[in-house]
Amino acid sequence: MITIRKANTRGTTRIGWLDSKHSFSFGRFYDPDFSGFSNLLVINDDTVAPAMGFHTHGHDNMEILSYVLSGELAHNDSAGHQRTITRGMAQHMSAGSGVQHSEFNASRTDPVHFYQIWILPSKRDVPPAYNELPFDPSKRTGKLQLIASATGTDSTGEMAIAWNADATLFASILPKGASVKAVINDTRPAWVQVLRGAVHVNGTAADAGDGLAIVGEPELTITQTGDGEAEVLVFELAKQAPKTR
């Protein structure tokens, strides 16, 4: 079964320097039909104005991943990590027992566009951790590339982000007419987020910003449609979300 979350039904936060769209309940936005999905709690589609951003604030017991589509995103946290990531990179913070951090647009001239993802952790109150990796786009063009998993490696030994979550995240860039197949282990729940372009997921049409909640599908066929290339994130999620909040 596939349930589509259309882009134009997402929640929004607009405060001058920030244009944020929320696939799930977040902040003052509440949607009882989309208040997380399995252990996937937040998908925010954020565009931040030049030299602006989120001032220092705290998190705990959450796995947070940022995936940059364009621009430069600067991170600074209370554990001493200061990094800037760009297109082709993903950044992960395990908030664990508690951490303070800020996120800013590192450019004074151009906006930064990124997706921020929150996943419920498998274990609570672990020491906070931070990591980032560059991801070669050729390895996700016309194929699935592992971005994050509990082990942090794919079947070939290629490195990915290791997070404290019972979830696996893949990314794919689909040129015109291309398709990829994702096998969903143990027929777990899955979520597909369309970042750019248009696709069909097992025959269901979806456009940029749309998300698809998927239950009981052992395999997904994701096919590019429309004029330009498409880009998607594919989540394989926990059968039962941890009760940690």
# chains A, B, ... in the order shown; residues from 1 in each chain; ligands from 1
>>> residues_around(residues="Thr86 in chain A", least_positions_apart="6", cutoff="8 Å", atoms="only C-alpha atoms", output="PDB file with N, CA and C atoms, in the first residue's frame")
ATOM      1  N   VAL A  68      22.362  18.109   1.663  1.00  0.00           N
ATOM      2  CA  VAL A  68      22.383  19.407   0.967  1.00  0.00           C
ATOM      3  C   VAL A  68      22.097  19.225  -0.525  1.00  0.00           C
ATOM      4  N   LEU A  69      21.158  20.026  -1.023  1.00  0.00           N
ATOM      5  CA  LEU A  69      20.858  20.051  -2.453  1.00  0.00           C
ATOM      6  C   LEU A  69      21.613  21.156  -3.176  1.00  0.00           C
ATOM      7  N   SER A  70      21.789  22.303  -2.524  1.00  0.00           N
ATOM      8  CA  SER A  70      22.565  23.388  -3.119  1.00  0.00           C
ATOM      9  C   SER A  70      23.000  24.338  -2.013  1.00  0.00           C
ATOM     10  N   GLY A  71      24.124  25.012  -2.245  1.00  0.00           N
ATOM     11  CA  GLY A  71      24.622  25.975  -1.285  1.00  0.00           C
ATOM     12  C   GLY A  71      25.574  25.362  -0.269  1.00  0.00           C
ATOM     13  N   GLU A  72      25.793  26.098   0.836  1.00  0.00           N
ATOM     14  CA  GLU A  72      26.760  25.719   1.859  1.00  0.00           C
ATOM     15  C   GLU A  72      26.121  25.810   3.232  1.00  0.00           C
ATOM     16  N   LEU A  73      26.205  24.733   3.988  1.00  0.00           N
ATOM     17  CA  LEU A  73      25.603  24.668   5.317  1.00  0.00           C
ATOM     18  C   LEU A  73      26.701  24.519   6.362  1.00  0.00           C
TER      19      LEU A  73
END
>>> residues_around(residues="Ile147 in chain A", least_positions_apart="2", cutoff="8 Å", atoms="only C-alpha atoms", output="list in words")
Ala90, Phe135, Gln145, Ser149, Ala160, Ile161, Thr168, Leu169, Phe170 and Ala171 of chain A
>>> residues_around(residues="His55 in chain A", least_positions_apart="6", cutoff="12 Å", atoms="only C-alpha atoms", output="PyMOL selection string")
chain A and resi 74-77+100-105
>>> select_by_dssp(residues="chain A", states="helix (DSSP H, G or I)", output="CSV table (one decimal) with C-alpha atoms, in the first residue's frame")
chain,number,residue,atom,x,y,z
A,7,ALA,CA,4.1,18.6,-1.5
A,8,ASN,CA,1.4,21.3,-1.3
A,9,THR,CA,-0.2,19.7,1.7
A,137,PRO,CA,27.2,11.4,-7.3
A,138,SER,CA,28.3,8.9,-10.0
A,139,LYS,CA,27.6,6.1,-7.5
A,185,ASN,CA,14.1,-6.3,3.7
A,186,ASP,CA,11.5,-8.2,5.7
A,187,THR,CA,8.8,-6.0,4.0
>>> select_by_dssp(residues="range 88-194 of chain A", states="strand (DSSP E)", output="ChimeraX atom specification")
/A:89-94,99-105,112-119,129-134,145-149,161-162,168-174,179-183,190-194
>>> closest_residue(among="A:Gln193, A:Ser155, A:Thr141, A:Thr84", to="Tyr115 in chain A", atoms="only C-alpha atoms")
A:Gln193
>>> atom_distance(atom1="CA of Val99 in chain A", atom2="CA of Leu195 in chain A")
28.5 Å
>>> residues_around(residues="Ser35 in chain A", least_positions_apart="6", cutoff="8 Å", atoms="only C-alpha atoms", output="VMD selection string")
chain A and resid 24 to 25 41
>>> decode(residues="range 144-160 of chain A", atoms="C-alpha atoms", output="tab-separated table (two decimals), in the first residue's frame")
chain	number	residue	atom	x	y	z
A	144	LEU	CA	20.93	3.38	-5.20
A	145	GLN	CA	23.75	4.67	-3.01
A	146	LEU	CA	23.79	3.90	0.70
A	147	ILE	CA	23.90	7.12	2.74
A	148	ALA	CA	23.30	5.88	6.30
A	149	SER	CA	22.66	2.63	8.16
A	150	ALA	CA	23.19	1.01	11.54
A	151	THR	CA	26.47	-0.51	10.32
A	152	GLY	CA	27.72	2.30	8.09
A	153	THR	CA	28.82	0.05	5.21
A	154	ASP	CA	27.14	-1.40	2.15
A	155	SER	CA	27.46	-4.92	0.76
A	156	THR	CA	30.71	-4.01	-1.04
A	157	GLY	CA	32.31	-2.42	2.02
A	158	GLU	CA	31.75	1.14	0.74
A	159	MET	CA	31.62	3.56	3.66
A	160	ALA	CA	28.42	5.34	4.67
